[in-house]
Structures are given as C-alpha cells and as structure tokens.
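Text of final_11.txt (compact mmCIF, C-alpha atoms and all ligand atoms) as supplied:
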```txt
# COMPACT_ATOMS: atom_id res chain seq x y z
CA MET C 8 141.98 121.90 56.08
CA ALA C 9 138.70 120.43 54.90
CA ARG C 10 135.75 122.40 53.75
CA ILE C 11 133.07 120.37 52.01
CA ARG C 12 130.62 121.85 49.58
CA PHE C 13 127.64 120.20 47.91
CA GLU C 14 126.52 121.93 44.76
CA ASN C 15 123.16 120.80 43.33
CA VAL C 16 123.88 117.22 44.32
CA THR C 17 121.26 114.66 43.40
CA LYS C 18 121.40 110.92 43.91
CA TYR C 19 119.08 108.34 42.40
CA TYR C 20 119.25 104.60 43.06
CA GLY C 21 117.49 103.42 39.91
CA SER C 22 114.19 105.27 40.13
CA VAL C 23 114.50 105.97 43.89
CA LEU C 24 115.38 109.60 44.57
CA ALA C 25 117.56 109.44 47.71
CA VAL C 26 119.01 112.98 47.75
CA ASP C 27 117.30 115.83 45.94
CA ASN C 28 119.36 118.82 44.82
CA LEU C 29 121.48 119.24 47.94
CA ASN C 30 123.27 122.56 48.41
CA LEU C 31 125.31 122.77 51.57
CA GLU C 32 128.63 124.10 52.74
CA ILE C 33 130.33 122.42 55.69
CA ARG C 34 132.99 124.65 57.13
CA ASP C 35 136.50 123.60 58.07
CA LYS C 36 136.54 122.08 61.59
CA GLU C 37 132.80 122.36 61.87
CA PHE C 38 130.64 119.72 63.56
CA VAL C 39 127.65 119.21 61.30
CA VAL C 40 124.86 116.76 62.13
CA LEU C 41 122.57 115.35 59.45
CA LEU C 42 119.27 114.71 61.17
CA GLY C 43 116.13 113.08 59.83
CA PRO C 44 113.91 110.01 59.85
CA SER C 45 114.79 106.63 58.43
CA GLY C 46 115.22 106.70 54.66
CA CYS C 47 115.63 110.47 54.33
CA GLY C 48 119.06 110.19 52.66
CA LYS C 49 121.52 110.64 55.53
CA THR C 50 123.73 107.61 54.83
CA THR C 51 123.65 108.33 51.11
CA THR C 52 124.90 111.87 51.76
CA LEU C 53 127.70 110.60 53.98
CA ASN C 54 128.68 107.91 51.48
CA MET C 55 128.96 110.53 48.76
CA ILE C 56 131.42 112.49 50.93
CA ALA C 57 133.41 109.32 51.50
CA GLY C 58 133.41 108.51 47.80
CA LEU C 59 131.45 105.29 48.25
CA GLU C 60 128.50 106.37 46.10
CA GLU C 61 128.60 108.06 42.74
CA LEU C 62 126.63 111.26 42.28
CA THR C 63 123.81 111.24 39.76
CA ASP C 64 124.14 114.99 39.30
CA GLY C 65 126.00 117.97 40.76
CA ASP C 66 129.42 118.38 42.37
CA ILE C 67 131.10 117.82 45.71
CA TRP C 68 134.01 120.06 46.55
CA PHE C 69 136.74 119.52 49.14
CA ASP C 70 138.20 122.98 49.60
CA ASP C 71 138.84 124.18 46.05
CA GLU C 72 138.76 120.82 44.33
CA ILE C 73 135.89 118.84 42.82
CA VAL C 74 136.16 115.29 44.17
CA ASN C 75 133.31 113.57 42.31
CA PHE C 76 135.65 110.95 40.87
CA MET C 77 138.33 110.85 43.57
CA PRO C 78 138.56 107.33 45.04
CA PRO C 79 137.80 106.94 48.77
CA HIS C 80 141.38 106.22 49.90
CA LYS C 81 142.59 109.53 48.44
CA ARG C 82 140.06 111.62 50.34
CA ASP C 83 141.64 111.59 53.82
CA VAL C 84 138.32 110.74 55.45
CA ALA C 85 137.62 108.19 58.17
CA MET C 86 134.16 106.75 58.43
CA VAL C 87 132.28 104.94 61.14
CA PHE C 88 129.66 102.90 59.33
CA GLN C 89 126.11 102.39 60.45
CA SER C 90 126.70 98.63 60.11
CA TYR C 91 130.10 98.77 61.81
CA ALA C 92 131.72 96.07 59.57
CA LEU C 93 134.59 94.75 61.72
CA TYR C 94 137.11 92.11 60.66
CA PRO C 95 135.76 88.96 62.31
CA HIS C 96 139.09 87.12 62.57
CA LYS C 97 141.03 90.00 64.03
CA SER C 98 141.08 90.98 67.69
CA VAL C 99 139.65 94.26 68.89
CA TYR C 100 143.21 95.59 69.10
CA GLU C 101 143.98 94.57 65.51
CA ASN C 102 140.69 95.97 64.28
CA ILE C 103 141.42 99.36 65.77
CA ALA C 104 145.05 99.27 64.62
CA PHE C 105 144.28 98.10 61.10
CA GLY C 106 144.18 101.45 59.29
CA LEU C 107 147.41 102.58 60.90
CA ALA C 108 149.19 99.26 60.25
CA MET C 109 148.17 99.52 56.57
CA ARG C 110 149.74 102.96 56.46
CA LYS C 111 152.91 101.56 58.06
CA TYR C 112 152.88 103.60 61.25
CA PRO C 113 155.58 102.66 63.81
CA LYS C 114 154.42 99.97 66.25
CA ALA C 115 154.87 102.15 69.31
CA GLU C 116 152.79 104.93 67.82
CA ILE C 117 150.04 102.47 66.87
CA ASP C 118 150.06 101.00 70.35
CA LYS C 119 149.77 104.40 71.95
CA ARG C 120 146.86 105.48 69.77
CA VAL C 121 145.00 102.19 70.08
CA ARG C 122 145.23 102.13 73.87
CA ASP C 123 144.31 105.78 74.15
CA ALA C 124 141.21 105.33 71.95
CA ALA C 125 140.21 102.12 73.76
CA MET C 126 140.42 103.87 77.10
CA ARG C 127 138.29 106.79 75.96
CA LEU C 128 135.71 104.33 74.66
CA HIS C 129 135.80 102.13 77.77
CA ILE C 130 136.78 99.04 75.82
CA ASP C 131 140.40 98.77 76.99
CA HIS C 132 139.57 95.49 78.78
CA LEU C 133 138.31 93.95 75.55
CA LEU C 134 141.35 94.41 73.30
CA ASP C 135 142.07 90.67 73.01
CA ARG C 136 138.55 89.61 72.11
CA ARG C 137 137.14 88.99 68.66
CA PRO C 138 134.07 90.87 67.39
CA ASN C 139 131.77 87.86 67.81
CA GLN C 140 132.61 87.90 71.52
CA LEU C 141 131.29 91.44 71.92
CA SER C 142 127.87 93.01 72.43
CA GLY C 143 126.46 95.28 69.73
CA GLY C 144 127.33 98.39 71.73
CA GLN C 145 130.90 97.19 72.24
CA ARG C 146 131.33 96.46 68.53
CA GLN C 147 130.08 99.90 67.75
CA ARG C 148 132.73 101.41 70.00
CA VAL C 149 135.45 99.35 68.29
CA ALA C 150 134.30 100.82 64.99
CA LEU C 151 134.54 104.29 66.50
CA GLY C 152 138.03 103.51 67.81
CA ARG C 153 139.16 102.36 64.39
CA ALA C 154 138.25 105.74 62.91
CA MET C 155 139.47 107.76 65.90
CA VAL C 156 143.08 106.57 65.68
CA ARG C 157 143.36 107.72 62.08
CA GLN C 158 143.23 111.48 62.70
CA PRO C 159 141.81 112.25 59.25
CA ALA C 160 140.89 115.61 57.72
CA VAL C 161 137.22 114.65 57.72
CA PHE C 162 135.52 112.39 60.21
CA LEU C 163 132.26 110.80 59.08
CA MET C 164 130.02 109.00 61.56
CA ASP C 165 126.82 107.17 60.73
CA GLU C 166 124.67 106.63 63.84
CA PRO C 167 127.75 105.62 65.86
CA LEU C 168 125.86 105.41 69.15
CA SER C 169 122.65 103.73 68.04
CA ASN C 170 123.37 100.44 69.79
CA LEU C 171 124.36 101.82 73.16
CA ASP C 172 122.17 101.95 76.21
CA ALA C 173 120.89 105.34 77.35
CA ALA C 174 123.56 106.06 79.98
CA LEU C 175 126.47 104.99 77.79
CA ARG C 176 125.08 107.02 74.93
CA VAL C 177 125.19 110.18 77.03
CA SER C 178 128.77 109.57 78.15
CA MET C 179 129.87 108.67 74.59
CA ARG C 180 128.28 111.86 73.31
CA ALA C 181 130.56 113.78 75.65
CA GLU C 182 133.55 111.77 74.38
CA ILE C 183 132.68 112.58 70.79
CA LYS C 184 132.29 116.25 71.58
CA GLU C 185 135.69 116.21 73.27
CA LEU C 186 137.18 114.24 70.40
CA HIS C 187 136.06 116.98 68.04
CA GLN C 188 137.71 119.60 70.19
CA THR C 189 141.02 117.76 70.42
CA MET C 190 141.14 116.56 66.81
CA GLN C 191 140.29 119.93 65.26
CA THR C 192 138.88 118.32 62.14
CA THR C 193 135.62 118.51 60.24
CA PHE C 194 132.95 116.17 61.61
CA VAL C 195 129.87 115.07 59.73
CA TYR C 196 127.63 113.03 61.95
CA VAL C 197 124.42 111.23 61.06
CA THR C 198 121.63 110.52 63.50
CA HIS C 199 117.87 110.32 63.75
CA ASP C 200 118.09 111.21 67.45
CA GLN C 201 117.21 114.87 67.95
CA ALA C 202 118.77 115.02 71.42
CA GLU C 203 122.07 113.83 70.00
CA ALA C 204 121.90 116.42 67.25
CA LEU C 205 121.08 119.24 69.65
CA THR C 206 123.93 118.41 72.02
CA LEU C 207 126.65 117.74 69.45
CA ALA C 208 126.17 120.01 66.47
CA ASP C 209 127.58 123.38 65.56
CA ARG C 210 124.92 123.26 62.86
CA ILE C 211 122.13 120.79 62.19
CA VAL C 212 120.93 119.87 58.72
CA VAL C 213 117.36 118.57 58.97
CA MET C 214 116.41 116.30 56.07
CA ASN C 215 113.20 114.65 54.97
CA ASP C 216 112.59 112.62 51.82
CA GLY C 217 116.00 113.54 50.44
CA ILE C 218 115.32 117.26 50.80
CA VAL C 219 117.01 119.64 53.23
CA GLN C 220 114.34 121.26 55.39
CA GLN C 221 116.47 123.67 57.39
CA VAL C 222 120.12 124.31 58.23
CA GLY C 223 121.22 126.18 61.33
CA PRO C 224 122.65 126.12 64.84
CA PRO C 225 120.71 123.91 67.29
CA ASP C 226 119.00 126.81 69.10
CA GLU C 227 117.81 128.33 65.88
CA ILE C 228 116.46 125.03 64.56
CA TYR C 229 114.66 124.44 67.83
CA GLU C 230 113.38 127.94 68.44
CA ARG C 231 112.71 129.07 64.89
CA PRO C 232 111.62 126.02 62.91
CA ARG C 233 110.99 126.81 59.32
CA ASN C 234 108.13 124.37 58.88
CA MET C 235 106.00 121.88 60.78
CA PHE C 236 108.25 118.97 59.90
CA VAL C 237 111.22 120.59 61.64
CA ALA C 238 109.06 121.79 64.54
CA SER C 239 107.76 118.27 65.15
CA PHE C 240 111.02 116.43 64.60
CA LEU C 241 112.79 118.31 67.39
CA GLY C 242 111.37 118.38 70.88
CA ASN C 243 110.29 115.72 73.33
CA PRO C 244 107.42 115.46 74.05
CA PRO C 245 106.67 117.01 70.68
CA ILE C 246 105.31 120.46 70.02
CA ASN C 247 101.50 120.84 70.35
CA TYR C 248 99.41 122.05 67.44
CA LEU C 249 96.03 123.78 67.40
CA HIS C 250 94.12 124.74 64.26
CA GLY C 251 92.54 128.18 64.44
CA GLU C 252 92.66 131.63 62.91
CA LEU C 253 94.32 135.00 63.22
CA ILE C 254 92.28 137.82 64.68
CA GLU C 255 92.83 141.42 65.63
CA SER C 256 92.66 141.90 69.37
CA GLY C 257 93.16 145.39 70.75
CA GLN C 258 96.22 146.91 69.12
CA ARG C 259 97.73 143.65 68.00
CA MET C 260 97.22 140.35 66.22
CA ALA C 261 96.24 137.22 68.09
CA PHE C 262 95.56 133.55 67.48
CA ARG C 263 92.10 132.25 68.30
CA ARG C 264 90.69 128.78 68.65
CA GLY C 265 87.31 128.55 70.40
CA ALA C 266 87.57 130.20 73.79
CA LEU C 267 91.36 130.36 73.61
CA THR C 268 92.92 133.63 72.46
CA LEU C 269 96.68 134.18 72.58
CA SER C 270 98.22 137.53 71.69
CA LEU C 271 101.21 137.59 69.36
CA ASN C 272 104.31 139.49 70.43
CA ASP C 273 105.32 142.74 68.70
CA GLU C 274 107.44 141.11 66.01
CA ALA C 275 104.88 138.46 65.04
CA SER C 276 102.04 140.92 65.28
CA ALA C 277 103.77 143.35 62.94
CA LYS C 278 104.59 140.61 60.48
CA LEU C 279 101.01 139.32 60.31
CA SER C 280 99.15 142.60 60.65
CA GLY C 281 96.16 142.94 58.34
CA GLN C 282 95.74 139.19 58.01
CA GLU C 283 92.76 138.74 60.32
CA GLY C 284 90.62 135.78 59.35
CA ARG C 285 93.59 133.85 57.99
CA LYS C 286 93.60 130.18 58.97
CA ALA C 287 96.66 129.24 60.99
CA ILE C 288 98.08 126.43 63.06
CA LEU C 289 99.45 127.43 66.43
CA GLY C 290 102.52 125.53 67.63
CA ILE C 291 103.34 125.64 71.30
CA ARG C 292 106.08 123.58 72.90
CA PRO C 293 105.24 121.76 76.14
CA GLU C 294 107.80 123.75 78.11
CA ASP C 295 106.68 127.17 76.92
CA VAL C 296 104.09 127.64 79.65
CA ASP C 297 104.35 128.44 83.31
CA ASP C 298 101.96 127.51 86.10
CA ARG C 299 103.36 129.89 88.72
CA SER C 300 103.34 133.37 87.23
CA LYS C 301 100.31 135.43 86.37
CA PRO C 302 99.54 135.34 82.65
CA SER C 303 100.32 138.52 80.76
CA GLU C 304 97.54 140.24 78.84
CA GLY C 305 96.32 137.79 76.20
CA GLY C 306 98.59 135.04 77.50
CA ALA C 307 96.29 132.84 79.56
CA ILE C 308 95.67 129.20 78.71
CA ASP C 309 92.68 127.82 80.62
CA GLY C 310 92.26 124.08 80.44
CA HIS C 311 91.18 120.91 82.12
CA VAL C 312 93.89 118.56 83.43
CA ASN C 313 93.08 115.06 82.18
CA PHE C 314 96.00 113.54 84.01
CA VAL C 315 99.32 114.43 85.59
CA MET C 316 102.52 112.55 84.77
CA PRO C 317 105.40 113.18 87.18
CA ILE C 318 108.83 112.67 85.58
CA GLY C 319 111.11 113.29 88.52
CA SER C 320 112.44 116.72 87.63
CA ASP C 321 109.11 118.11 86.35
CA GLN C 322 105.54 117.11 85.72
CA TYR C 323 103.69 116.72 82.46
CA LEU C 324 100.09 117.80 82.25
CA ASN C 325 97.86 116.19 79.69
CA MET C 326 95.23 118.86 79.16
CA LYS C 327 92.02 119.23 77.32
CA LEU C 328 91.98 122.59 75.66
CA ALA C 329 89.64 123.88 72.93
CA GLY C 330 88.58 120.32 72.22
CA GLU C 331 92.15 119.01 71.77
CA GLU C 332 94.51 117.11 74.02
CA LEU C 333 97.80 118.89 74.59
CA PHE C 334 100.90 118.16 76.66
CA PHE C 335 102.55 120.76 78.83
CA ARG C 336 105.54 120.59 81.10
CA VAL C 337 105.63 122.52 84.37
CA GLY C 338 107.82 122.50 87.45
CA LYS C 339 106.85 120.44 90.44
CA GLU C 340 106.46 123.18 93.05
CA THR C 341 102.70 123.14 92.52
CA ARG C 342 101.18 119.68 92.81
CA HIS C 343 98.51 119.29 90.18
CA GLN C 344 95.57 116.89 90.35
CA ASN C 345 93.80 114.84 87.75
CA GLY C 346 90.57 116.61 86.83
CA GLU C 347 91.74 120.05 87.98
CA GLU C 348 91.01 123.27 86.06
CA VAL C 349 94.22 125.29 85.61
CA THR C 350 95.36 128.53 84.09
CA LEU C 351 98.82 128.49 82.55
CA ALA C 352 100.79 131.50 81.39
CA ALA C 353 101.98 131.08 77.80
CA ASN C 354 105.36 132.43 76.84
CA LEU C 355 104.08 134.63 74.02
CA ALA C 356 107.54 135.21 72.58
CA ARG C 357 107.77 131.52 71.82
CA LEU C 358 104.58 130.86 69.93
CA HIS C 359 104.89 129.33 66.49
CA LEU C 360 102.43 129.82 63.66
CA PHE C 361 102.14 127.78 60.49
CA ASP C 362 100.17 127.87 57.28
CA PRO C 363 97.76 124.88 57.23
CA GLU C 364 98.26 124.31 53.49
CA SER C 365 102.00 124.71 52.97
CA ARG C 366 102.88 123.79 56.59
CA GLU C 367 105.54 126.53 56.44
CA SER C 368 106.12 128.91 59.33
CA LEU C 369 104.32 132.24 59.07
CA LEU C 370 107.06 133.82 61.16
CA TRP C 371 110.24 132.40 59.66
CA GLN C 372 112.33 134.88 57.76
CA GLU C 373 114.57 134.15 54.80
CA GLY C 374 118.11 135.34 55.33
CA ALA C 375 118.15 134.89 59.08
CA PRO C 376 121.69 134.02 60.15
CA SER C 377 122.61 130.32 60.01
N1 LIG G 401 121.58 100.62 47.32
C1 LIG G 401 120.34 101.13 47.26
N2 LIG G 401 119.50 100.80 46.27
C2 LIG G 401 118.25 101.34 46.19
N3 LIG G 401 117.75 102.21 47.06
C3 LIG G 401 118.55 102.59 48.08
C4 LIG G 401 119.87 102.06 48.25
N4 LIG G 401 120.41 102.61 49.36
C5 LIG G 401 119.47 103.43 49.86
N5 LIG G 401 118.35 103.42 49.11
C6 LIG G 401 117.13 104.23 49.31
O1 LIG G 401 117.50 105.59 49.33
C7 LIG G 401 116.81 106.30 50.33
C8 LIG G 401 117.80 106.93 51.30
O2 LIG G 401 118.49 105.90 51.98
P1 LIG G 401 119.57 106.19 53.10
O3 LIG G 401 120.24 104.92 53.43
O4 LIG G 401 120.45 107.30 52.66
O5 LIG G 401 118.65 106.68 54.30
P2 LIG G 401 119.02 107.04 55.82
O6 LIG G 401 118.55 108.42 56.05
O7 LIG G 401 120.44 106.75 56.08
O8 LIG G 401 118.07 106.04 56.64
P3 LIG G 401 118.34 105.22 58.02
O9 LIG G 401 118.11 106.20 59.14
O10 LIG G 401 117.28 104.17 57.98
O11 LIG G 401 119.72 104.67 57.98
C9 LIG G 401 115.86 105.30 50.97
O12 LIG G 401 114.62 105.43 50.35
C10 LIG G 401 116.49 103.96 50.64
O13 LIG G 401 115.51 102.95 50.57
MG MG G 402 121.39 105.36 57.29
```

Rewrite the coordinates I just gave you, this time as structure tokens.
Amino acid sequence: MARIRFENVTKYYGSVLAVDNLNLEIRDKEFVVLLGPSGCGKTTTLNMIAGLEELTDGDIWFDDEIVNFMPPHKRDVAMVFQSYALYPHKSVYENIAFGLAMRKYPKAEIDKRVRDAAMRLHIDHLLDRRPNQLSGGQRQRVALGRAMVRQPAVFLMDEPLSNLDAALRVSMRAEIKELHQTMQTTFVYVTHDQAEALTLADRIVVMNDGIVQQVGPPDEIYERPRNMFVASFLGNPPINYLHGELIESGQRMAFRRGALTLSLNDEASAKLSGQEGRKAILGIRPEDVDDRSKPSEGGAIDGHVNFVMPIGSDQYLNMKLAGEELFFRVGKETRHQNGEEVTLAANLARLHLFDPESRESLLWQEGAPS
C-alpha cells in the first residue's frame, strides 16, 4: 500500500522558491498527474517523493510514516527521469534488467520481465543495442522499461513520453494506462501536456509558480476551472475570453459585451444575482457552441467569420465578435465561408465567468467534490 501525503511542503533552492506550501494527498493506487508549465515545480515535487531532494519545510508521509529523511532506496519507488540517464556501456537489455539484477532476482524471472516490458514498449528488437545507438524516443522507452520491471509501491514518471512522435505518444499513453491497471500501484506522473493529463489521470494537480492551482478529476478541472490560469492551460484551441459586465436581463442575470448578451443558467444566475454592473470576463470554450440548432433565449452569438479552418473531423471558425477575435469549433455538416455572418447557439450551461482583478472564477464553489 502507498498513500502519499504532502503537509505544508515548501522547497527553496537558495532563494528560488520552487514549491510553495504544498498540501496534497495521493491515494493508494491512484493515478495522479502533476500538470503545469516549465519551471512550475513538477520535477521538484516528484524528486521529493523519491527522496532525491530535501524539503525546506513541511512533511511527506508514506501511509502513516514521515519519510522526510528516508533514503531513496528504502522508499520502494521507481522513477523514470525526465533526462532518462541510461548506463552508456550497458545494452538495452542490461539497462532494463539492472534494478532487478541488483536485487538478485533469478535470471529467468529477470528475462521474463525484461522481454515482457520491451514488447509492451515496442523495443524488443533493440535489446542488444547500446543507448548511443538509439533515438531519443527509444531511449525514453528503455528508461520506462527499467522502471516497469521493478513493480514498486510507487511509480514516478517525469515527462516519460516527451521525446516520442505524436502517434507513438498516443499508443504509449494507452500502454501506461494499462500498466497502471495491471500493476495496481500508485502512479505520480509529470507532464506539461494537457491532453496527456486529461487521458491518464484519476486526478490532475495543476501547478503554476510552485503553487497548486486546482486539484480534481479531469472533467472537473476542464469543466469547472477555478481560475483563468487553469481555464487557459487546459483546452486546445484555448478558451476564449471577453471582457464585459453582468447585467439583469428579464428574470435572470446575463453577461454583456457590446451587442452581445448571453443569459446565465439558473445556477450561475442565482449565484450572481444582485451583482449587475459588476465587471466580468466571460470564458467560452471553442466547442461550446453549435451552428445547427436554434439558439435558446439569450443564447445567440452573432459574428463575422474572418476565416474557416477545416481540421478533418470539424471546422474552426475564426470570428470577429464584439471587437475581438475568437475561435469556435463546429461540425462540418454546414460549410462555412470566409466573410460570412453567422449565428451560433451558445451552450449556456458551459459559460465561465471570472473576476478581472483576481482572475478567479465567479462560479467556482469551495468544497465541490474532488
Ligand atoms: N538545482 C536547482 N537549483 C536552483 N534552482 C532550481 C534547481 N532545480 C530547479 N530549480 C528551479 O526551481 C523551479 C522549479 O523547477 P522544476 O525542475 O521543479 O520545474 P518543472 O516544473 O519540472 O519544469 P520543466 O517542465 O521545465 O521540467 C524552477 O524555477 C527552476 O529553475
Ligand atoms: Mg521537470
């Protein structure tokens, strides 16, 4: 069993604050993804779990034990490093087998595990080569194999797919997901790729500047972002923003910017009632419109199509709307034209609203399940 708990954990490198008062519980057998931009403290957090970095302040617990001073080899963790440090003079086979050989596993057992891992990672034809005879993506998979064969209590992975091409990355993602299911251990996985986080995680921890921004299951992070950083970091193309204000429209609250007025749904309207005149930033994701159904009351978006970008499955519309350029994604049943005037139906249940000063969501509620 391996439950990991961070309690007020802070890490400074000299005067650089890398992780700022982290509080987080990772459940036994959970797949947690640390997601955030370069330099936000992901590797530092992982290294502290592995015991490779000392904490400046706070405690890390494994189950009911504080492990702040426990050396790495006693922690029963396997780690795939961002800079996959392989042994240059050993073959791929020996690199993968190394941890097991050190622990004196029987040869037959080692052989079975190495070949099984190599096959899953599609590197079984490379077992005799040395690392300098491999591509970056192949080396990365050797590093993954080396950790996979260990079957540890905690599996730590630092951007393990960053050097793979797009197709291989998708198939390796599936392998990692399956690996988690078969190994039944706790996974902590670091990436700056939001698609990877959304597909792999039981829960995502979004970080920025060493500070946790939001923790929750992928759907919740995507659909109910707590602030504009989280809203922007997930989603491709990114969420659109429009500065405007709240107004009262009929029986409910609405967002207005120039000629555009969008009604809020019951829940949002109730939450923001009485706040007419308040400045707000509307967030609307490209996919949360529809060009084929009739807009509901207060749900019409009229705009000018600057240009259409077909992407195979769908089409993107770059639109001029209330003086801003926004991106929307619609199906391809209706062929749109550059220069066309269109009316889109907004999905009013999916509008986001933020405070322009704090950049926090006006709709997010403390204590929502995570
Ligand atoms: N050994 C070190 N000495 C000084 N500063 C460091 C050291 N290691 C990391 N940092 C700083 O700590 C912060 C967090 O670094 P970290 O490596 O954890 O980021 P990261 O989220 O893993 O980024 P990336 O996505 O680029 O790998 C950064 O500002 C980084 O410059
Ligand atoms: Mg890193």

Dump the neighbourhood of ligand MG 402 (chain G) as an NGL selection string: all residues within 12 Å, distances computed on all atoms listed in the file. :C and (25 or 41-54 or 87-91 or 164-167 or 169 or 196-199 or 217)

In Å to one decimal, how far is CA of Ala238 in chain C from CA of Ala275 in chain C?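 For CA of Ala275 in chain C relative to CA of Ala238 in chain C, the distance reads 17.2 Å.
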
inquiry  = The residues within 12 Å of (139.1, 116.6, 67.5), using all atoms listed in the file and the coordinates of the file, should be reported as an MDAnalysis selection string; which are they?
reply    = chainID C and resid 36:38 154:162 182:194

Can you pull out every residue within 6 Å of Ile254 in chain C, counting all atoms listed in the file, but drop anything in the same chain fewer than 5 positions away, and send it as a PDB file with C-alpha atoms, in the coordinates of the input?
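See selection.pdb below for the written result:
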```
ATOM      1  CA  MET C 260      97.220 140.350  66.220  1.00  0.00           C
ATOM      2  CA  ALA C 261      96.240 137.220  68.090  1.00  0.00           C
ATOM      3  CA  GLU C 283      92.760 138.740  60.320  1.00  0.00           C
ATOM      4  CA  GLY C 284      90.620 135.780  59.350  1.00  0.00           C
TER       5      GLY C 284
END
```

What is the CA of Glu367 in chain C-CA of Ser22 in chain C distance in Å, reported with one decimal?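 CA of Ser22 in chain C lies at a distance of 28.2 Å from CA of Glu367 in chain C.
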
Residues near Gln322 in chain C, anyone? I mean within 8 Å using all atoms listed in the file, not counting same-chain ones fewer than 5 positions away, as a list in words.
Val315, Met316, Pro317, Arg336, Val337, Gly338 and Lys339 of chain C

**Item:** CA of Thr350 in chain C to CA of Asp309 in chain C, distance in Å rounded to a single decimal
**Value:**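 So the two atoms, CA of Thr350 in chain C and CA of Asp309 in chain C, lie 4.4 Å apart.
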
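Proximity ranking of C:Ser239, C:Thr17, C:Thr63, C:Gln140 relative to Phe361 in chain C places C:Ser239 first, based on all atoms listed in the file.
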